[in-house]
file run-v8.txt (compact mmCIF, C-alpha atoms)
# COMPACT_ATOMS: atom_id res chain seq x y z
CA MET U 26 0.00 0.00 0.00
CA ARG U 27 1.39 3.37 -0.90
CA LEU U 28 -0.07 6.82 -0.30
CA GLU U 29 0.09 8.54 -3.66
CA LYS U 30 -0.37 12.18 -4.61
CA CYS U 31 -3.26 13.40 -6.72
CA TRP U 32 -1.97 14.58 -10.09
CA PHE U 33 -4.27 17.55 -10.15
CA CYS U 34 -4.43 18.95 -6.64
CA SER U 35 -1.45 17.17 -5.00
CA SER U 36 -3.38 15.95 -2.00
CA THR U 37 -2.73 12.44 -0.64
CA ILE U 38 -4.85 9.63 -2.00
CA TYR U 39 -5.74 7.09 0.67
CA PRO U 40 -6.59 3.44 -0.14
CA GLY U 41 -10.09 3.06 -1.46
CA HIS U 42 -10.31 6.57 -2.87
CA GLY U 43 -10.03 8.05 -6.30
CA ILE U 44 -9.39 6.95 -9.87
CA GLN U 45 -6.24 5.96 -11.73
CA PHE U 46 -6.02 6.71 -15.42
CA VAL U 47 -3.35 5.07 -17.58
CA ARG U 48 -2.66 6.86 -20.84
CA ASN U 49 -1.54 5.07 -23.99
CA ASP U 50 2.05 6.16 -23.45
CA ALA U 51 1.97 4.28 -20.11
CA LYS U 52 1.88 7.43 -17.98
CA ILE U 53 -0.26 6.96 -14.87
CA PHE U 54 -2.50 9.76 -13.59
CA ARG U 55 -3.97 9.40 -10.13
CA PHE U 56 -6.86 11.52 -8.88
CA CYS U 57 -8.10 11.87 -5.34
CA ARG U 58 -11.75 12.54 -6.20
CA SER U 59 -14.05 13.09 -9.12
CA LYS U 60 -13.57 16.86 -8.89
CA CYS U 61 -9.93 16.52 -9.93
CA HIS U 62 -10.73 13.78 -12.46
CA LYS U 63 -13.37 15.94 -14.16
CA ASN U 64 -11.08 18.93 -14.24
CA PHE U 65 -8.45 16.75 -15.89
CA LYS U 66 -10.92 15.52 -18.50
CA MET U 67 -11.76 19.15 -19.25
CA LYS U 68 -8.05 19.54 -20.00
CA ARG U 69 -7.57 22.20 -17.33
CA ASN U 70 -4.03 23.03 -16.40
CA PRO U 71 -3.59 22.64 -12.63
CA ARG U 72 -1.08 25.47 -12.68
CA LYS U 73 -3.92 27.84 -13.55
CA VAL U 74 -6.54 26.51 -11.18
CA LYS U 75 -6.43 28.58 -8.02
CA TRP U 76 -7.07 25.96 -5.35
CA THR U 77 -4.43 23.44 -6.42
CA LYS U 78 -1.02 23.08 -4.80
CA ALA U 79 0.63 23.51 -8.21
CA TYR U 80 -0.86 27.00 -8.56
CA ARG U 81 -0.01 27.97 -5.02
CA ARG U 82 3.59 26.87 -5.41
CA LEU U 83 3.96 28.57 -8.75
CA HIS U 84 2.59 31.88 -7.46
CA GLY U 85 4.60 31.88 -4.25
CA LYS U 86 1.66 31.33 -1.93
CA ASP U 87 3.24 28.17 -0.50
CA MET U 88 6.84 27.15 0.16
CA THR U 89 8.62 25.84 -2.93
CA GLN U 90 12.18 24.90 -2.10
CA ASP U 91 12.93 23.43 1.27
CA SER U 92 15.24 20.74 2.54
CA THR U 93 12.34 18.98 4.29
CA PHE U 94 10.87 18.13 0.90
CA GLU U 95 13.96 16.11 0.02
CA PHE U 96 13.08 13.49 2.61
CA GLU U 97 9.81 12.56 0.97
CA ARG U 98 11.28 11.36 -2.34
CA ARG U 99 10.43 8.04 -3.98
CA ARG U 100 13.49 5.83 -3.69
CA ASN U 101 14.30 3.11 -6.22
CA ARG U 102 17.28 1.49 -4.57
CA PRO U 103 16.28 0.09 -1.17
CA GLU U 104 18.53 -0.64 1.76
CA ARG U 105 18.60 -3.79 3.80
CA TYR U 106 16.22 -3.74 6.76
CA ASP U 107 17.84 -2.62 9.97
CA ARG U 108 15.75 -2.30 13.09
CA ASN U 109 17.70 0.59 14.58
CA VAL U 110 17.61 2.56 11.39
CA THR U 111 13.86 2.01 11.15
CA GLU U 112 13.36 3.21 14.70
CA ILE U 113 15.39 6.35 14.09
CA THR U 114 13.58 6.97 10.82
CA LEU U 115 10.18 6.80 12.45
CA LYS U 116 11.21 9.34 15.06
CA ALA U 117 12.76 11.51 12.38
CA ILE U 118 9.57 11.49 10.31
CA LYS U 119 7.63 13.07 13.15
CA LYS U 120 10.28 15.70 13.74
CA ILE U 121 10.68 16.58 10.06
CA ASP U 122 6.94 16.95 9.77
CA LYS U 123 6.87 19.38 12.66
CA ILE U 124 9.74 21.36 11.20
CA ARG U 125 8.04 21.55 7.84
CA VAL U 126 4.81 22.80 9.35
CA ASP U 127 6.71 25.42 11.35
CA ARG U 128 8.50 26.60 8.23
CA GLU U 129 5.25 26.83 6.33
CA VAL U 130 3.74 28.95 9.11
CA ARG U 131 6.77 31.21 8.99
CA HIS U 132 6.51 31.50 5.22
CA HIS U 133 2.90 32.52 5.56
CA LYS U 134 3.77 35.10 8.20
CA MET U 135 6.47 36.58 5.98
CA ARG U 136 4.02 36.76 3.15
CA MET U 137 1.41 38.51 5.31
CA LYS U 138 3.93 40.85 6.91
CA GLY U 139 3.17 44.54 6.53
CA LYS U 140 -0.39 43.75 5.71
CA LYS U 141 -1.75 45.56 8.76
CA ALA U 142 0.17 48.75 8.09
CA PHE U 143 -0.78 48.58 4.43
CA GLU U 144 -4.44 48.16 5.30
CA GLN U 145 -4.26 51.08 7.71
CA GLN U 146 -2.83 53.37 5.03
CA ALA U 147 -5.40 52.21 2.53
CA ALA U 148 -8.18 52.91 5.03
CA ILE U 149 -6.96 56.46 5.72
CA LYS U 150 -6.74 57.22 2.02
CA GLU U 151 -10.17 55.86 1.40
CA LEU U 152 -11.56 57.96 4.23
CA GLU U 153 -10.07 61.07 2.69
CA ASN U 154 -11.33 60.28 -0.79
CA SER U 155 -14.82 59.10 -0.12
CA ILE U 156 -15.76 60.98 3.05
CA ASP U 157 -18.73 62.32 1.07
CA LEU U 158 -20.39 58.95 1.50
CA VAL U 159 -20.44 59.56 5.22
CA LYS U 160 -20.87 63.30 5.53
CA ALA U 161 -22.45 65.73 3.07
CA PRO U 162 -19.84 68.01 1.37
CA VAL U 163 -21.70 71.09 2.52
CA ALA U 164 -21.41 70.06 6.14
CA LEU U 165 -17.71 69.39 5.58
CA GLN U 166 -17.19 72.87 4.20
CA GLN U 167 -18.89 74.41 7.16
CA GLU U 168 -16.78 72.35 9.45
CA SER U 169 -13.56 73.42 7.75
CA GLN U 170 -14.52 77.03 8.30
CA PHE U 171 -14.64 76.29 11.97
CA THR U 172 -11.38 74.42 12.19
CA ILE U 173 -8.98 76.33 9.91
CA ALA U 174 -8.26 78.96 12.44
CA LYS U 175 -7.11 77.04 15.41
CA ILE U 176 -7.51 79.86 17.87
CA LYS U 177 -8.37 79.39 21.41
CA VAL U 178 -11.89 80.62 21.68
CA LYS U 179 -13.95 80.80 24.72
CA VAL U 180 -16.34 77.94 24.41
CA SER U 181 -19.78 79.09 23.54
CA GLN U 182 -22.51 76.69 24.45
CA SER U 183 -23.98 76.70 20.90
CA GLN U 184 -21.18 74.48 19.39
CA PRO U 185 -22.26 70.84 19.63
CA GLU U 186 -19.70 68.33 20.98
CA GLY U 187 -20.22 65.82 18.18
CA GLU U 188 -18.64 68.00 15.43
CA ARG U 189 -15.59 68.71 17.48
CA MET U 190 -15.05 64.97 17.93
CA GLU U 191 -14.88 64.27 14.21
CA GLU U 192 -11.76 66.33 13.73
CA MET N 23 21.86 -30.83 -15.56
CA ALA N 24 18.58 -30.05 -17.29
CA THR N 25 15.39 -30.94 -15.46
CA ARG N 26 11.79 -30.93 -16.54
CA ILE N 27 9.28 -29.26 -14.21
CA GLN N 28 5.84 -27.74 -14.19
CA PHE N 29 4.29 -24.74 -12.44
CA GLU N 30 0.70 -25.60 -11.53
CA ASN N 31 0.24 -27.67 -14.68
CA SER N 32 1.84 -25.04 -16.93
CA CYS N 33 5.00 -25.79 -18.87
CA GLU N 34 6.04 -22.13 -19.10
CA VAL N 35 8.65 -22.32 -16.40
CA GLY N 36 10.51 -19.21 -17.51
CA VAL N 37 7.45 -17.09 -16.76
CA PHE N 38 7.20 -18.07 -13.11
CA SER N 39 10.87 -18.14 -12.16
CA LYS N 40 14.12 -16.23 -12.66
CA LEU N 41 17.40 -18.07 -12.40
CA THR N 42 20.86 -16.49 -12.22
CA ASN N 43 24.24 -17.52 -10.91
CA ALA N 44 23.75 -15.72 -7.60
CA TYR N 45 20.08 -16.19 -6.75
CA CYS N 46 16.81 -17.71 -7.86
CA LEU N 47 13.39 -16.06 -7.76
CA VAL N 48 10.28 -18.21 -7.67
CA ALA N 49 6.61 -17.28 -7.91
CA ILE N 50 4.23 -17.99 -5.08
CA GLY N 51 2.29 -20.97 -6.32
CA GLY N 52 -0.62 -22.98 -4.99
CA SER N 53 1.50 -26.01 -4.14
CA GLU N 54 5.09 -26.09 -2.93
CA ASN N 55 6.27 -28.56 -5.60
CA PHE N 56 7.70 -25.94 -7.91
CA TYR N 57 9.58 -24.23 -5.12
CA SER N 58 10.89 -27.50 -3.71
CA MET N 59 12.38 -28.50 -7.09
CA PHE N 60 14.55 -25.38 -6.97
CA GLU N 61 15.28 -25.81 -3.30
CA ALA N 62 16.41 -29.40 -3.83
CA GLU N 63 18.79 -28.28 -6.55
CA PHE N 64 20.17 -25.13 -4.92
CA ALA N 65 19.69 -25.61 -1.18
CA ASP N 66 22.89 -24.10 0.18
CA VAL N 67 24.50 -22.83 -2.96
CA ILE N 68 22.33 -19.85 -3.81
CA PRO N 69 19.27 -18.32 -2.10
CA VAL N 70 15.90 -19.35 -3.53
CA VAL N 71 13.45 -16.49 -2.90
CA LYS N 72 9.68 -16.70 -3.15
CA THR N 73 8.26 -13.40 -4.28
CA SER N 74 5.68 -11.57 -6.30
CA ILE N 75 6.20 -8.50 -8.47
CA ALA N 76 3.44 -5.91 -8.64
CA GLY N 77 1.26 -8.48 -6.93
CA THR N 78 1.56 -10.87 -9.90
CA ARG N 79 3.15 -14.29 -10.34
CA ILE N 80 4.71 -13.70 -13.77
CA ILE N 81 7.96 -12.62 -12.17
CA GLY N 82 10.26 -14.22 -14.75
CA ARG N 83 8.98 -11.92 -17.50
CA LEU N 84 8.85 -8.76 -15.41
CA CYS N 85 12.35 -8.65 -14.00
CA ALA N 86 15.82 -8.92 -15.53
CA GLY N 87 18.99 -9.81 -13.68
CA ASN N 88 22.32 -11.47 -13.40
CA LYS N 89 24.76 -12.14 -10.60
CA ASN N 90 25.52 -8.41 -10.25
CA GLY N 91 22.05 -6.98 -10.00
CA LEU N 92 18.31 -7.20 -10.42
CA LEU N 93 16.14 -4.75 -12.33
CA LEU N 94 12.47 -4.38 -11.46
CA PRO N 95 9.62 -2.50 -13.13
CA HIS N 96 8.10 0.65 -11.66
CA THR N 97 4.94 -1.30 -10.76
CA THR N 98 6.85 -3.21 -8.06
CA THR N 99 5.47 -2.28 -4.65
CA ASP N 100 7.69 -0.93 -1.90
CA GLN N 101 7.10 -4.01 0.25
CA GLU N 102 8.20 -6.38 -2.53
CA LEU N 103 11.25 -4.25 -3.17
CA GLN N 104 12.20 -4.38 0.50
CA HIS N 105 11.58 -8.14 0.65
CA LEU N 106 13.89 -8.72 -2.30
CA ARG N 107 16.56 -6.47 -0.86
CA ASN N 108 16.43 -8.34 2.45
CA SER N 109 16.52 -11.80 0.88
CA LEU N 110 19.21 -11.31 -1.72
CA PRO N 111 22.93 -11.14 -0.92
CA ASP N 112 24.49 -7.70 -0.62
CA GLN N 113 26.54 -7.98 -3.83
CA VAL N 114 23.32 -8.03 -5.81
CA VAL N 115 22.07 -4.49 -6.46
CA VAL N 116 18.28 -4.30 -6.44
CA GLN N 117 16.98 -1.41 -8.53
CA ARG N 118 13.51 -0.31 -9.58
CA ILE N 119 13.34 1.37 -13.00
CA GLU N 120 10.93 4.01 -14.26
CA GLU N 121 10.41 2.78 -17.78
CA ARG N 122 7.53 2.77 -20.20
CA LEU N 123 8.19 -0.87 -21.15
CA SER N 124 7.60 -2.51 -17.81
CA ALA N 125 8.02 -6.20 -18.72
CA LEU N 126 11.80 -6.10 -18.38
CA GLY N 127 12.15 -9.88 -18.70
CA ASN N 128 10.76 -9.65 -22.22
CA CYS N 129 12.87 -6.65 -23.17
CA ILE N 130 16.27 -7.58 -21.73
CA ALA N 131 18.23 -10.79 -22.23
CA CYS N 132 21.45 -10.86 -20.25
CA ASN N 133 24.21 -12.98 -18.84
CA ASP N 134 27.02 -11.80 -16.59
CA HIS N 135 28.96 -9.97 -19.32
CA VAL N 136 26.71 -8.85 -22.11
CA SER N 137 23.05 -8.09 -22.74
CA LEU N 138 20.63 -7.70 -25.60
CA THR N 139 17.86 -5.16 -25.25
CA HIS N 140 14.65 -4.06 -26.91
CA PRO N 141 15.52 -1.38 -29.48
CA ASP N 142 12.96 1.07 -28.04
CA LEU N 143 14.35 1.16 -24.51
CA ASP N 144 15.09 4.61 -23.01
CA ARG N 145 18.63 5.88 -22.89
CA GLU N 146 18.51 6.24 -19.10
CA THR N 147 17.37 2.64 -18.80
CA GLU N 148 20.23 1.52 -21.00
CA GLU N 149 22.68 3.36 -18.76
CA LEU N 150 21.07 1.86 -15.69
CA ILE N 151 21.39 -1.63 -17.16
CA ALA N 152 25.07 -1.07 -17.87
CA ASP N 153 25.53 0.32 -14.36
CA VAL N 154 23.48 -2.09 -12.23
CA LEU N 155 24.09 -5.32 -14.14
CA GLY N 156 27.65 -4.48 -15.13
CA VAL N 157 27.15 -5.56 -18.73
CA GLU N 158 27.69 -4.25 -22.20
CA VAL N 159 24.36 -3.36 -23.79
CA PHE N 160 23.43 -4.13 -27.41
CA ARG N 161 20.17 -3.08 -29.01
CA GLN N 162 19.25 -5.93 -31.32
CA THR N 163 16.37 -7.91 -32.67
CA ILE N 164 16.12 -11.68 -32.94
CA ALA N 165 14.53 -13.11 -36.08
CA GLY N 166 12.79 -9.77 -36.54
CA ASN N 167 11.25 -9.87 -33.05
CA ILE N 168 11.92 -6.86 -30.82
CA LEU N 169 11.18 -8.76 -27.61
CA VAL N 170 14.66 -10.16 -27.28
CA GLY N 171 14.20 -11.20 -23.68
CA SER N 172 11.52 -13.71 -24.55
CA TYR N 173 12.93 -15.23 -27.74
CA CYS N 174 16.32 -16.19 -26.42
CA ALA N 175 17.81 -17.67 -23.27
CA ILE N 176 21.50 -17.01 -22.65
CA SER N 177 23.96 -17.97 -19.98
CA ASN N 178 27.71 -17.43 -19.71
CA THR N 179 28.41 -20.67 -21.58
CA GLY N 180 25.90 -20.67 -24.41
CA GLY N 181 22.59 -19.51 -25.78
CA LEU N 182 19.41 -20.80 -27.34
CA VAL N 183 17.49 -18.57 -29.75
CA HIS N 184 14.28 -18.47 -31.75
CA PRO N 185 14.17 -21.34 -34.28
CA HIS N 186 13.60 -19.04 -37.26
CA THR N 187 16.79 -17.09 -36.76
CA SER N 188 18.81 -17.03 -39.98
CA ILE N 189 22.41 -18.21 -40.08
CA GLU N 190 23.75 -14.68 -40.63
CA ASP N 191 21.78 -13.40 -37.65
CA LEU N 192 23.06 -16.27 -35.61
CA ASP N 193 26.66 -15.48 -36.54
CA GLU N 194 26.17 -11.79 -35.80
CA LEU N 195 24.60 -12.41 -32.41
CA SER N 196 27.23 -14.96 -31.57
CA THR N 197 30.06 -12.50 -32.22
CA LEU N 198 28.25 -9.82 -30.20
CA LEU N 199 27.57 -12.05 -27.25
CA GLN N 200 30.79 -14.07 -27.48
CA VAL N 201 28.97 -17.32 -26.71
CA PRO N 202 28.02 -20.27 -28.93
CA LEU N 203 24.41 -19.99 -30.06
CA VAL N 204 21.93 -22.51 -31.37
CA ALA N 205 18.52 -21.95 -32.90
CA GLY N 206 16.14 -24.39 -31.29
CA THR N 207 12.81 -24.84 -29.58
CA VAL N 208 11.53 -25.80 -26.17
CA ASN N 209 8.31 -27.40 -24.87
CA ARG N 210 7.51 -29.39 -28.00
CA GLY N 211 8.21 -26.70 -30.56
CA SER N 212 7.40 -23.52 -28.63
CA GLU N 213 9.32 -20.58 -30.11
CA VAL N 214 9.22 -18.52 -26.95
CA ILE N 215 12.40 -19.91 -25.51
CA ALA N 216 12.81 -17.78 -22.40
CA ALA N 217 9.23 -18.41 -21.32
CA GLY N 218 9.70 -22.14 -21.58
CA MET N 219 12.95 -22.51 -19.67
CA THR N 220 15.34 -20.88 -17.22
CA VAL N 221 19.07 -21.46 -17.16
CA ASN N 222 22.22 -20.54 -15.29
CA ASP N 223 25.80 -21.72 -15.59
CA TRP N 224 25.30 -25.17 -14.14
CA THR N 225 21.55 -25.96 -14.26
CA ALA N 226 18.57 -25.59 -16.55
CA PHE N 227 14.89 -26.07 -15.93
CA CYS N 228 12.49 -26.72 -18.81
CA GLY N 229 8.78 -27.29 -19.10
CA SER N 230 7.65 -30.86 -18.83
CA ASP N 231 6.53 -30.88 -22.49
CA THR N 232 10.14 -30.59 -23.64
CA THR N 233 11.12 -33.57 -25.81
CA ALA N 234 14.27 -35.57 -25.22
CA THR N 235 15.82 -34.15 -28.38
CA GLU N 236 15.23 -30.57 -27.25
CA LEU N 237 16.60 -31.45 -23.85
CA SER N 238 19.81 -32.86 -25.24
CA VAL N 239 20.27 -29.81 -27.46
CA ILE N 240 19.88 -27.61 -24.39
CA GLU N 241 22.30 -29.69 -22.39
CA SER N 242 24.95 -29.54 -25.06
CA VAL N 243 24.69 -25.85 -25.96
CA PHE N 244 24.74 -24.72 -22.32
CA LYS N 245 27.41 -27.31 -21.52
CA LEU N 246 25.41 -28.92 -18.73
CA ARG N 247 26.26 -32.48 -19.64
CA GLU N 248 28.40 -34.37 -17.15
CA ALA N 249 31.69 -35.97 -18.25
CA ARG N 250 31.10 -38.86 -20.66
CA PRO N 251 33.12 -41.04 -23.02
CA SER N 252 33.98 -38.54 -25.76
CA SER N 253 33.01 -40.74 -28.71
CA ILE N 254 29.40 -40.92 -27.68
CA VAL N 255 29.31 -37.16 -27.17
CA ASP N 256 30.77 -36.58 -30.64
CA GLU N 257 28.22 -38.85 -32.24
CA MET N 258 25.30 -37.17 -30.56
CA ARG N 259 26.66 -33.75 -31.37
CA LYS N 260 26.54 -34.41 -35.11
CA SER N 261 22.99 -35.67 -35.07
CA LEU N 262 21.46 -33.11 -32.75
CA ILE N 263 23.08 -29.74 -33.14
CA ASP N 264 22.19 -27.60 -36.13
CA SER N 265 25.02 -25.08 -36.07
CA TYR N 266 27.72 -24.53 -33.55
CA VAL N 267 29.62 -21.28 -33.61

call {"tool": "encode", "arguments": {"input": "run-v8.txt", "output": "C-alpha cells"}}
result
Amino acid sequence: MRLEKCWFCSSTIYPGHGIQFVRNDAKIFRFCRSKCHKNFKMKRNPRKVKWTKAYRRLHGKDMTQDSTFEFERRRNRPERYDRNVTEITLKAIKKIDKIRVDREVRHHKMRMKGKKAFEQQAAIKELENSIDLVKAPVALQQESQFTIAKIKVKVSQSQPEGERMEE
Amino acid sequence: MATRIQFENSCEVGVFSKLTNAYCLVAIGGSENFYSMFEAEFADVIPVVKTSIAGTRIIGRLCAGNKNGLLLPHTTTDQELQHLRNSLPDQVVVQRIEERLSALGNCIACNDHVSLTHPDLDRETEELIADVLGVEVFRQTIAGNILVGSYCAISNTGGLVHPHTSIEDLDELSTLLQVPLVAGTVNRGSEVIAAGMTVNDWTAFCGSDTTATELSVIESVFKLREARPSSIVDEMRKSLIDSYV
C-alpha cells in the first residue's frame, strides 16, 4: 500500500479513494476525487486553477524549495532492513513533519507581513477620498470654516460636541 | 543438468521463475512442488526467494537480472522491493526502474557480461542496465522480433534462440555475445524460448513438455552435460546440433 499524490491537486490519495487513469504512453495519472478527475478531462491546467497546490507553489503562496521536501522522495534502490535505522527513521519522520509545518507557518507570516500597516494606510486614504459617502460636502465645508483657524476661543454653548469629535 | 518441471500444470517455467548464478526467484504458487524442485537443486549454494512482483506471479517476465544486480519494473510495490533487498545477498544491487516498457524480462536478455535489449528502450534505462548489471548493452532484434528477452535464453556458456533465426543473424549475435548460439525450440516446438525454460551456468529447468531431443540440445549448448566417453558425445553432437559457432 502506498499513499500517492493526486496529479491535479497534490493531496494524498488514501486506499479506497479516487481513480487511476493510464494513458496510452503508459503514464499513470492518479486523482483523489471526481472533482480533480473531471477537471483533468476538461483539460484544465492545474497550474492555472487557483485551489491546487501547483498553482499555489507557482505563485509563491506556498513554500517551494525546502530541505524537508527532500526526505519525501520516492526511492528506487532500497537498503537492507535494519531495526535501529527504522526506529530512528520513524522518530525523524515526526520531527521533520513538525519542522516543515513550522516553516510553512513562517513562510505565511512573511508573506502577510506589513499587511496591517498597508491596510491602515489604505483605510486612511479611502476615508479622505470618499468621506462624502459619510458626511455631506456642505457640512464638511462648514466644518472646515470652523477648524482652519485654530484659535483658542472661549467655548460658547452653541457648538455641539459631536462635530468637534470628528476632527 | 537439465530438469523438466511444471508450475501448476503449466509448462512455461521461464514465466514463473528467474534463475541467475547468484540467486533464484520463484513465484508464489498454490503447491510447494515448484519451489521445492529449486530448493532441492540449490539448497545451500544460492538463495531461492519466493516473491511476487506488482502483486503478480509472472515474475520471470517482469524482472531482468544477473549475478551483479536485479532490475524491477516501476509497478513493483515498496514491500516487494524491500523483501527482495532483504533476501538477496548484498553484492546483488536491487533497482527499480521508471520505464515505459515494464516487462523487463521480455525486453532484456542478459548474462554476466553482455546483454541484448529491446531497441525502443530509453537511454537512461540503458545506462542503468550497464551500471546495475555491469554488462555491455546491445540493441538488437532476434529473427525480426523486438522482444529479445523472450525469444532467447543465454547464460555465460551458451545460448538458445528463436528457431527461425537465420544463419547470418546467428553469426552476428554470436560475435556480439561471445557465446556459442543454437537456434532451437523448447516445450515441443514452442518458439518462446525464455518463457519455456530458465538457465544458469550449471543448471537448466524446462517445461515438462520438452522432448528428449530438445533437452539434449539444451544440455549440449549450455554445456550442462556431465563428463562422458567422448566418442558418444561426438556422435550425438553431429545428429542433434544444427550449427555450432

call {"tool": "atom_distance", "arguments": {"input": "run-v8.txt", "atom1": "atom CA of Val37 of chain N", "atom2": "atom CA of Ser212 of chain N"}}
result
13.5 Å

call {"tool": "interface_residues", "arguments": {"input": "run-v8.txt", "of": "chain U", "to": "chain N", "cutoff": "7 Å", "atoms": "all atoms listed in the file", "output": "list in words"}}
result
Ala51, Asn101, Arg102, Pro103, Glu104, Arg105 and Tyr106 of chain U

call {"tool": "residues_around", "arguments": {"input": "run-v8.txt", "residues": "Glu129 of chain U", "least_positions_apart": "3", "cutoff": "8 Å", "atoms": "all atoms listed in the file", "output": "CSV table (one decimal) with C-alpha atoms, keeping the file's coordinate frame"}}
result
chain,number,residue,atom,x,y,z
U,87,ASP,CA,3.2,28.2,-0.5
U,88,MET,CA,6.8,27.2,0.2
U,125,ARG,CA,8.0,21.6,7.8
U,126,VAL,CA,4.8,22.8,9.4
U,132,HIS,CA,6.5,31.5,5.2
U,133,HIS,CA,2.9,32.5,5.6

call {"tool": "closest_residue", "arguments": {"input": "run-v8.txt", "among": "N:Val35, N:Ala205, N:Ala131, N:Ile164", "to": "Asn178 of chain N", "atoms": "all atoms listed in the file"}}
result
N:Ala131

call {"tool": "closest_residue", "arguments": {"input": "run-v8.txt", "among": "N:Val48, N:Cys85, N:Val114, N:Val157", "to": "Cys129 of chain N", "atoms": "all atoms listed in the file"}}
result
N:Cys85

call {"tool": "atom_distance", "arguments": {"input": "run-v8.txt", "atom1": "atom CA of Leu138 of chain N", "atom2": "atom CA of Gly171 of chain N"}}
result
7.6 Å

call {"tool": "atom_distance", "arguments": {"input": "run-v8.txt", "atom1": "atom CA of Ala147 of chain U", "atom2": "atom CA of Ala161 of chain U"}}
result
21.8 Å

call {"tool": "residues_around", "arguments": {"input": "run-v8.txt", "residues": "Ile53 of chain U", "least_positions_apart": "4", "cutoff": "12 Å", "atoms": "only C-alpha atoms", "output": "PyMOL selection string"}}
result
(chain U and resi 29-32+44-49) or (chain N and resi 96-97+120-122)

call {"tool": "residues_near_point", "arguments": {"input": "run-v8.txt", "point": "(-4.9, 14.2, -2.5)", "cutoff": "12 Å", "atoms": "all atoms listed in the file", "output": "list in words"}}
result
Leu28, Glu29, Lys30, Cys31, Trp32, Phe33, Cys34, Ser35, Ser36, Thr37, Ile38, Tyr39, Pro40, His42, Gly43, Ile44, Arg55, Phe56, Cys57, Arg58, Ser59, Lys60, Cys61, His62, Thr77 and Lys78 of chain U

call {"tool": "axis_aligned_box", "arguments": {"input": "run-v8.txt", "around": "segment 58-76 of chain N", "padding_each_side": "3 Å", "output": "lines of an AutoDock Vina configuration file"}}
result
center_x = 14.0
center_y = -17.7
center_z = -4.2
size_x = 27.1
size_y = 29.5
size_z = 14.8

call {"tool": "residues_around", "arguments": {"input": "run-v8.txt", "residues": "Val74 of chain U", "least_positions_apart": "5", "cutoff": "10 Å", "atoms": "all atoms listed in the file", "output": "VMD selection string"}}
result
chain U and resid 33 to 34 64 69 79 to 81

call {"tool": "closest_residue", "arguments": {"input": "run-v8.txt", "among": "N:Glu146, N:Glu236, N:Glu30, N:Glu63", "to": "Ile50 of chain N", "atoms": "only C-alpha atoms"}}
result
N:Glu30

call {"tool": "closest_residue", "arguments": {"input": "run-v8.txt", "among": "N:Ile168, N:Ile130, N:Ile240, N:Val136", "to": "Phe227 of chain N", "atoms": "all atoms listed in the file"}}
result
N:Ile240
